[in-house]
$ cat my_file.txt   # compact mmCIF, C-alpha atoms
# COMPACT_ATOMS: atom_id res chain seq x y z
CA MET A 1 67.59 96.35 99.51
CA ARG A 2 63.87 95.44 99.67
CA VAL A 3 62.84 93.95 103.04
CA ASP A 4 59.73 91.77 103.33
CA PHE A 5 58.04 90.44 106.44
CA GLU A 6 55.70 87.46 106.47
CA GLN A 7 53.88 86.33 109.60
CA VAL A 8 53.97 82.57 110.31
CA ALA A 9 51.84 80.40 112.62
CA ASP A 10 54.55 79.02 114.94
CA ALA A 11 58.23 79.42 115.89
CA SER A 12 59.39 76.29 114.02
CA GLN A 13 58.50 77.97 110.73
CA GLU A 14 60.57 81.08 111.47
CA CYS A 15 63.46 81.66 109.07
CA ALA A 16 65.24 84.51 107.33
CA LEU A 17 66.49 84.44 103.77
CA ILE A 18 68.77 87.14 102.45
CA LYS A 19 69.18 87.38 98.70
CA ALA A 20 72.17 89.50 97.73
CA THR A 21 74.64 89.69 94.85
CA GLU A 22 77.56 89.35 97.27
CA MET A 23 78.39 88.87 100.94
CA THR A 24 78.93 92.47 102.07
CA GLU A 25 79.63 93.75 105.59
CA SER A 26 76.01 94.93 105.88
CA VAL A 27 74.79 91.42 105.01
CA LYS A 28 77.20 89.81 107.50
CA SER A 29 76.07 92.26 110.16
CA ALA A 30 72.40 91.51 109.47
CA MET A 31 73.14 87.75 109.66
CA ASP A 32 74.93 88.22 113.00
CA ILE A 33 71.90 89.97 114.46
CA LEU A 34 69.45 87.38 113.08
CA MET A 35 71.53 84.48 114.42
CA GLY A 36 71.83 86.11 117.82
CA ASN A 37 75.58 86.51 117.44
CA ASN A 38 75.44 90.07 118.60
CA GLY A 39 77.89 88.97 121.20
CA CYS A 40 79.50 90.14 124.37
CA LEU A 41 83.12 90.68 125.12
CA PRO A 42 84.67 89.58 128.43
CA VAL A 43 86.31 92.62 130.01
CA VAL A 44 87.64 93.62 133.41
CA LYS A 45 86.69 96.68 135.40
CA GLY A 46 87.86 97.37 138.94
CA GLY A 47 88.99 93.76 139.32
CA SER A 48 85.60 92.32 138.32
CA ASN A 49 85.02 90.31 135.18
CA ILE A 50 82.03 91.49 133.23
CA LEU A 51 80.51 90.86 129.82
CA LEU A 52 80.32 93.97 127.71
CA ASN A 53 77.83 94.00 124.86
CA LYS A 54 79.51 94.68 121.52
CA THR A 55 77.00 97.40 120.76
CA ARG A 56 78.31 99.45 123.71
CA ILE A 57 81.88 99.55 122.43
CA TYR A 58 83.04 102.89 120.94
CA TYR A 59 86.67 102.07 120.32
CA ILE A 60 89.52 99.83 121.46
CA GLU A 61 93.07 100.92 122.06
CA SER A 62 96.32 99.13 122.80
CA VAL A 63 98.69 100.92 125.17
CA ASP A 64 101.92 99.34 126.46
CA LYS A 65 100.79 95.84 125.39
CA LYS A 66 97.52 96.23 127.31
CA THR A 67 94.17 96.44 125.55
CA PHE A 68 91.55 98.93 126.68
CA VAL A 69 87.94 98.93 125.55
CA TYR A 70 86.05 102.23 125.67
CA SER A 71 82.30 102.62 125.87
CA LYS A 72 80.41 105.93 125.92
CA ASP A 73 81.85 107.01 129.27
CA GLU A 74 83.69 103.98 130.70
CA CYS A 75 86.98 102.22 130.15
CA PHE A 76 87.57 98.46 130.54
CA GLU A 77 90.61 96.27 130.24
CA CYS A 78 90.52 93.27 127.94
CA LYS A 79 92.75 90.19 127.75
CA TYR A 80 92.59 89.90 123.96
CA ARG A 81 95.09 91.49 121.57
CA LEU A 82 93.94 93.89 118.88
CA TYR A 83 94.35 91.42 116.00
CA GLU A 84 92.24 88.87 117.90
CA LEU A 85 89.53 91.44 118.60
CA GLU A 86 89.53 92.56 115.00
CA GLU A 87 88.73 89.00 113.98
CA MET A 88 86.24 88.38 116.81
CA LEU A 89 84.25 91.57 116.40
CA GLY A 90 84.36 91.83 112.59
CA GLY A 91 81.62 93.76 110.80
CA TYR A 92 81.76 97.43 111.58
CA PHE A 93 84.76 97.24 113.90
CA ALA A 94 87.68 98.39 111.81
CA ARG A 95 91.33 99.15 112.49
CA CYS A 96 91.78 102.93 112.26
CA ALA A 97 95.41 103.15 113.40
CA LYS A 98 98.19 100.75 114.33
CA ALA A 99 97.01 100.64 117.94
CA SER A 100 93.25 101.21 117.70
CA ILE A 101 90.02 99.73 116.43
CA ILE A 102 86.96 101.91 115.95
CA ASN A 103 83.28 100.99 115.93
CA LEU A 104 82.05 102.59 112.71
CA ARG A 105 78.50 102.69 114.07
CA LYS A 106 79.62 105.12 116.79
CA ILE A 107 81.12 107.72 114.46
CA GLN A 108 79.25 111.01 114.30
CA SER A 109 81.33 112.33 111.41
CA ILE A 110 84.78 112.33 109.93
CA ALA A 111 86.86 115.28 108.78
CA SER A 112 90.07 115.25 106.76
CA ASP A 113 93.08 117.52 106.79
CA PHE A 114 95.29 118.50 103.85
CA SER A 115 97.70 115.60 104.41
CA GLY A 116 95.05 112.96 103.80
CA ARG A 117 94.75 112.09 107.47
CA MET A 118 91.20 111.80 108.83
CA GLU A 119 89.75 112.50 112.25
CA ALA A 120 86.63 110.75 113.46
CA GLU A 121 84.33 112.42 115.95
CA LEU A 122 82.47 109.81 117.98
CA LEU A 123 78.93 110.06 119.30
CA ASN A 124 80.31 110.89 122.78
CA GLY A 125 82.38 113.78 121.39
CA GLU A 126 85.75 112.00 121.58
CA LYS A 127 88.03 112.30 118.58
CA LEU A 128 90.18 109.57 117.02
CA ILE A 129 92.71 109.80 114.21
CA ILE A 130 92.14 107.53 111.20
CA ALA A 131 95.51 106.86 109.59
CA ARG A 132 95.67 107.18 105.81
CA SER A 133 96.67 103.56 105.40
CA TYR A 134 93.43 102.32 107.02
CA VAL A 135 91.00 104.49 105.02
CA LYS A 136 90.84 101.92 102.21
CA GLU A 137 89.85 99.13 104.63
CA ILE A 138 87.22 101.36 106.29
CA LYS A 139 85.75 102.09 102.87
CA ARG A 140 85.65 98.37 102.19
CA ARG A 141 83.82 97.75 105.47
CA LEU A 142 81.30 100.37 104.44
CA ASP A 143 80.89 98.61 101.07
CA LEU A 144 82.26 101.64 99.23
CA THR A 145 84.89 99.77 97.20
CA MET B 1 109.83 96.64 103.22
CA LYS B 2 106.98 99.15 103.57
CA THR B 3 109.48 102.06 103.52
CA LEU B 4 111.27 100.62 100.49
CA LYS B 5 107.97 100.28 98.65
CA LEU B 6 107.10 103.86 99.56
CA ILE B 7 110.45 105.16 98.28
CA LEU B 8 110.11 103.18 95.04
CA PHE B 9 106.58 104.49 94.49
CA GLN B 10 107.56 108.07 95.27
CA GLY B 11 110.66 107.77 93.09
CA VAL B 12 108.53 106.70 90.13
CA CYS B 13 106.02 109.52 90.79
CA ILE B 14 108.70 112.22 91.01
CA SER B 15 110.54 110.93 87.90
CA PHE B 16 107.22 110.98 86.05
CA GLY B 17 106.56 114.55 87.29
CA ILE B 18 109.93 115.70 85.96
CA LEU B 19 109.29 113.93 82.65
CA VAL B 20 105.91 115.67 82.33
CA LEU B 21 107.52 119.03 83.12
CA VAL B 22 110.35 118.58 80.61
CA GLY B 23 107.99 117.06 78.05
CA THR B 24 105.61 120.03 78.35
CA GLY B 25 108.58 122.38 77.98
CA GLY B 26 109.61 120.50 74.83
CA VAL B 27 106.11 120.70 73.31
CA ILE B 28 105.83 124.46 74.03
CA ASP B 29 109.33 124.98 72.65
CA HIS B 30 108.46 123.09 69.48
CA PHE B 31 105.22 125.00 68.85
CA LEU B 32 106.97 128.30 69.44
CA GLY B 33 109.22 127.22 66.61
CA GLU B 34 112.40 127.47 68.64
CA ASN B 35 113.37 123.78 69.02
CA THR B 36 116.17 124.62 71.43
CA ILE B 37 115.53 121.69 73.80
CA THR B 38 117.86 118.80 73.13
CA PHE B 39 118.87 115.88 75.33
CA ASP B 40 122.26 114.52 76.19
CA TRP B 41 122.59 110.74 76.63
CA TYR B 42 122.51 110.95 80.45
CA GLN B 43 119.45 113.20 80.80
CA PRO B 44 116.68 110.54 80.94
CA MET B 45 118.65 108.67 83.60
CA SER B 46 119.12 111.94 85.52
CA PHE B 47 115.30 112.20 85.86
CA VAL B 48 115.24 108.73 87.43
CA PHE B 49 118.16 109.58 89.72
CA CYS B 50 116.49 112.82 90.81
CA GLY B 51 113.21 110.96 91.39
CA PHE B 52 114.81 108.51 93.78
CA LEU B 53 116.92 111.16 95.51
CA GLY B 54 113.78 113.24 96.04
CA ALA B 55 111.90 110.16 97.25
CA LEU B 56 114.26 109.94 100.23
CA ALA B 57 112.73 113.21 101.42
CA THR B 58 109.43 111.33 101.74
CA LEU B 59 110.81 109.71 104.88
CA VAL B 60 110.03 112.93 106.77
CA LEU B 61 106.37 112.44 105.84
CA THR B 62 105.97 109.07 107.54
CA ASN B 63 104.36 108.57 110.97
CA LEU B 64 102.21 111.69 110.72
CA ASP B 65 99.31 110.30 112.73
CA LYS B 66 100.15 111.73 116.11
CA LEU B 67 101.27 115.16 114.94
CA THR B 68 99.38 118.38 115.55
CA ILE B 69 98.44 120.50 112.53
CA LYS B 70 101.32 122.90 113.31
CA GLN B 71 103.85 120.05 113.44
CA LEU B 72 102.35 118.64 110.25
CA ILE B 73 102.77 121.96 108.42
CA VAL B 74 106.40 122.19 109.59
CA ARG B 75 107.05 118.66 108.26
CA VAL B 76 105.43 119.44 104.90
CA VAL B 77 107.44 122.68 104.51
CA PHE B 78 110.61 120.75 105.42
CA HIS B 79 109.72 118.04 102.89
CA CYS B 80 109.10 120.65 100.19
CA LEU B 81 112.48 122.31 100.83
CA MET B 82 114.35 118.97 100.86
CA LEU B 83 112.73 117.98 97.58
CA TYR B 84 113.46 121.40 96.09
CA ALA B 85 117.10 121.04 97.18
CA ALA B 86 117.26 117.60 95.49
CA VAL B 87 115.75 118.95 92.24
CA SER B 88 118.00 122.05 92.27
CA PHE B 89 121.09 119.94 92.97
CA CYS B 90 120.28 117.50 90.14
CA GLY B 91 119.42 120.42 87.86
CA TYR B 92 122.83 121.90 88.55
CA ILE B 93 124.95 118.76 88.14
CA PHE B 94 123.02 117.43 85.13
CA LYS B 95 122.85 120.87 83.48
CA TRP B 96 119.05 121.09 83.23
CA TYR B 97 119.46 124.84 83.01
CA SER B 98 122.25 127.02 81.71
CA ASN B 99 121.32 130.43 83.11
CA LEU B 100 119.26 132.13 85.83
CA TYR B 101 116.07 132.08 83.73
CA GLY B 102 116.43 128.35 83.29
CA PHE B 103 116.84 127.95 87.05
CA ILE B 104 113.75 130.10 87.69
CA GLY B 105 111.81 128.02 85.16
CA VAL B 106 112.80 124.74 86.87
CA SER B 107 111.96 126.23 90.29
CA LEU B 108 108.55 127.47 89.13
CA GLY B 109 107.80 124.10 87.56
CA PHE B 110 108.77 122.37 90.79
CA PHE B 111 106.50 124.49 92.99
CA VAL B 112 103.58 124.20 90.55
CA ILE B 113 103.86 120.38 90.52
CA TYR B 114 104.40 120.19 94.29
CA GLY B 115 101.34 122.37 94.91
CA PHE B 116 99.29 120.39 92.41
CA VAL B 117 100.15 117.05 94.06
CA TRP B 118 98.99 118.35 97.47
CA PHE B 119 95.89 119.87 95.91
CA ALA B 120 95.05 116.55 94.21
CA THR B 121 95.67 114.62 97.46
CA GLY B 122 93.40 117.03 99.34
CA TYR B 123 90.71 116.80 96.66
CA PHE B 124 90.62 112.98 96.69
CA THR B 125 90.66 112.93 100.50
CA LYS B 126 87.67 115.32 100.56
CA MET B 127 85.86 113.01 98.13
CA ASP B 128 86.59 110.05 100.44
CA GLU B 129 85.43 112.08 103.45
CA LYS B 130 82.12 112.92 101.76
CA GLU B 131 81.56 109.33 100.64
CA ILE B 132 82.37 107.86 104.08
CA ASN B 133 80.18 110.39 105.92
CA GLU B 134 77.25 109.49 103.67
CA ALA B 135 77.78 105.77 104.31
CA LEU B 136 78.08 106.36 108.08
CA ASN B 137 74.66 108.07 108.08
CA ASP B 138 73.11 104.73 107.10
CA ILE B 139 74.68 102.63 109.87
CA ARG B 140 75.00 105.06 112.79
CA ASP B 141 73.66 103.84 116.15
CA LEU B 142 71.07 105.92 117.94
CA GLU B 143 72.32 107.06 121.34
$ encode --input "my_file.txt" --output "C-alpha cells"
Amino acid sequence: MRVDFEQVADASQECALIKATEMTESVKSAMDILMGNNGCLPVVKGGSNILLNKTRIYYIESVDKKTFVYSKDECFECKYRLYELEEMLGGYFARCAKASIINLRKIQSIASDFSGRMEAELLNGEKLIIARSYVKEIKRRLDLT
Amino acid sequence: MKTLKLILFQGVCISFGILVLVGTGGVIDHFLGENTITFDWYQPMSFVFCGFLGALATLVLTNLDKLTIKQLIVRVVFHCLMLYAAVSFCGYIFKWYSNLYGFIGVSLGFFVIYGFVWFATGYFTKMDEKEINEALNDIRDLE
C-alpha cells in the first residue's frame, strides 16, 4: 500500500484517510494505532493491579479456569476469559489452541511437523503449539485467505 | 458434533480412495485386454461401509496437540494398522480378492494411498508454513 504524508499548519487539520479495497486486519491494526486504541490490559502481579500495554503481550494461556498473560519474561494474572480477550485484543492476537491466544507480532518463526501441527517460536525463544484447526484463522488474520 | 463431522468427512475420503483404487484397477485391466473385473450388486455399498468403518480409526488421531513427536508417530502407526485391519476385513468379507495375489494387491494399494495422503498433508502444511512465515516477516515487532 502506498503511504503519503502531508504536513499541515495546526492540530485541528490533522486527519488520516485509509483507502483500501477491504477492511483487513492490517487496516484495522493501523486504525487502532492512529486512534490511540493501542490499549492496555488490566492485570495482576504479586497482588498489585497494573496496566499492561498490549504491545508487551507475547501470549495468553488459560489454566484451571485462570487466565495468565505472558510478556517477554514476566507472567501476570488476568480476570478476563480467553473469549473476552480474543474480542478485546483483536487484530494480531489469534487463538492458537483451545486454551491459548498468541500475539502474531511476537512470533519469530513457525515450523510444521508431518501431522499438520505447527509450532511457533516466539521472540523470547519460548515455543507454542498451533493446533491444526486454528491455522485457517491465523491465515485469515494475516490476510492470507 | 465435531467428531461426527470428522467421521463423516473421513468416511467419504476413504470411500473415495477405495473407489479410485478399484477404478484404476478396472482401467488397467481393461487396457490390458483382460476385463476380469466385475462387480456384484453389494460391492459399491461395501466401499461406503469400509470407508465409515475405517473412519472410526480416525478417532485415535484427535487431540494430537500435546503429544511429543514420538507419541505422535506411535499414534499414526496405530491408526495405519487399524485402517489396514478395516480394509483387510472388508476385503475378506466382501470378496475384494480371491487369492493371495489379490490380497497383496489390495494391501499395496492401501499403503500407497495411505502414504500419499500423509505426503499431501505434509506438502500443504509446508506451503502454509512458508506462506505464514513470509507474512510474519512483515508484521514482526522489533525487540
$ interface_residues --input "my_file.txt" --of "chain A" --to "chain B" --cutoff "8 Å" --atoms "only C-alpha atoms" --output "list of chain:residue names"
A:Leu104, A:Arg105, A:Lys106, A:Ile107, A:Gln108, A:Ser109, A:Ile110, A:Ala111, A:Ser112, A:Asp113, A:Phe114, A:Ser115, A:Gly116, A:Arg117, A:Met118, A:Leu123, A:Ile129, A:Ile130, A:Ala131, A:Lys139, A:Leu142, A:Leu144
$ atom_distance --input "my_file.txt" --atom1 "atom CA of Ala30 of chain A" --atom2 "atom CA of Phe76 of chain A"
26.9 Å
$ closest_residue --input "my_file.txt" --among "A:Thr145, A:Ala11, A:Arg95, A:Glu119" --to "Ser133 of chain A" --atoms "only C-alpha atoms"
A:Arg95
$ atom_distance --input "my_file.txt" --atom1 "atom CA of Ile102 of chain A" --atom2 "atom CA of Thr68 of chain B"
20.6 Å
$ atom_distance --input "my_file.txt" --atom1 "atom CA of Asn124 of chain A" --atom2 "atom CA of Asn103 of chain A"
12.4 Å
$ residues_around --input "my_file.txt" --residues "segment 38-43 of chain B" --least-positions-apart "6" --cutoff "9 Å" --atoms "only C-alpha atoms" --output "PyMOL selection string"
chain B and resi 26+94-96
$ residues_around --input "my_file.txt" --residues "Ala16 of chain A" --least-positions-apart "6" --cutoff "10 Å" --atoms "only C-alpha atoms" --output "list in words"
Asp4, Phe5, Met31, Leu34 and Met35 of chain A
$ residues_near_point --input "my_file.txt" --point "(82.1, 103.7, 123.5)" --cutoff "12 Å" --atoms "only C-alpha atoms" --output "number ranges by chain"
A: 52-61, 68-76, 93, 101-107, 121-128; B: 141, 143
$ closest_residue --input "my_file.txt" --among "B:Leu8, B:Met1, B:Leu67, B:Ile18" --to "Ile113 of chain B" --atoms "all atoms listed in the file"
B:Ile18
$ closest_residue --input "my_file.txt" --among "A:Lys19, A:Ser29, A:Leu85, A:Arg132" --to "Thr62 of chain B" --atoms "all atoms listed in the file"
A:Arg132
$ residues_around --input "my_file.txt" --residues "Ala99 of chain A" --least-positions-apart "5" --cutoff "8 Å" --atoms "only C-alpha atoms" --output "ChimeraX atom specification"
/A:61-63,82
$ closest_residue --input "my_file.txt" --among "A:Asp32, A:Asp143, A:Glu22, A:Asp10" --to "Gly90 of chain A" --atoms "only C-alpha atoms"
A:Asp32
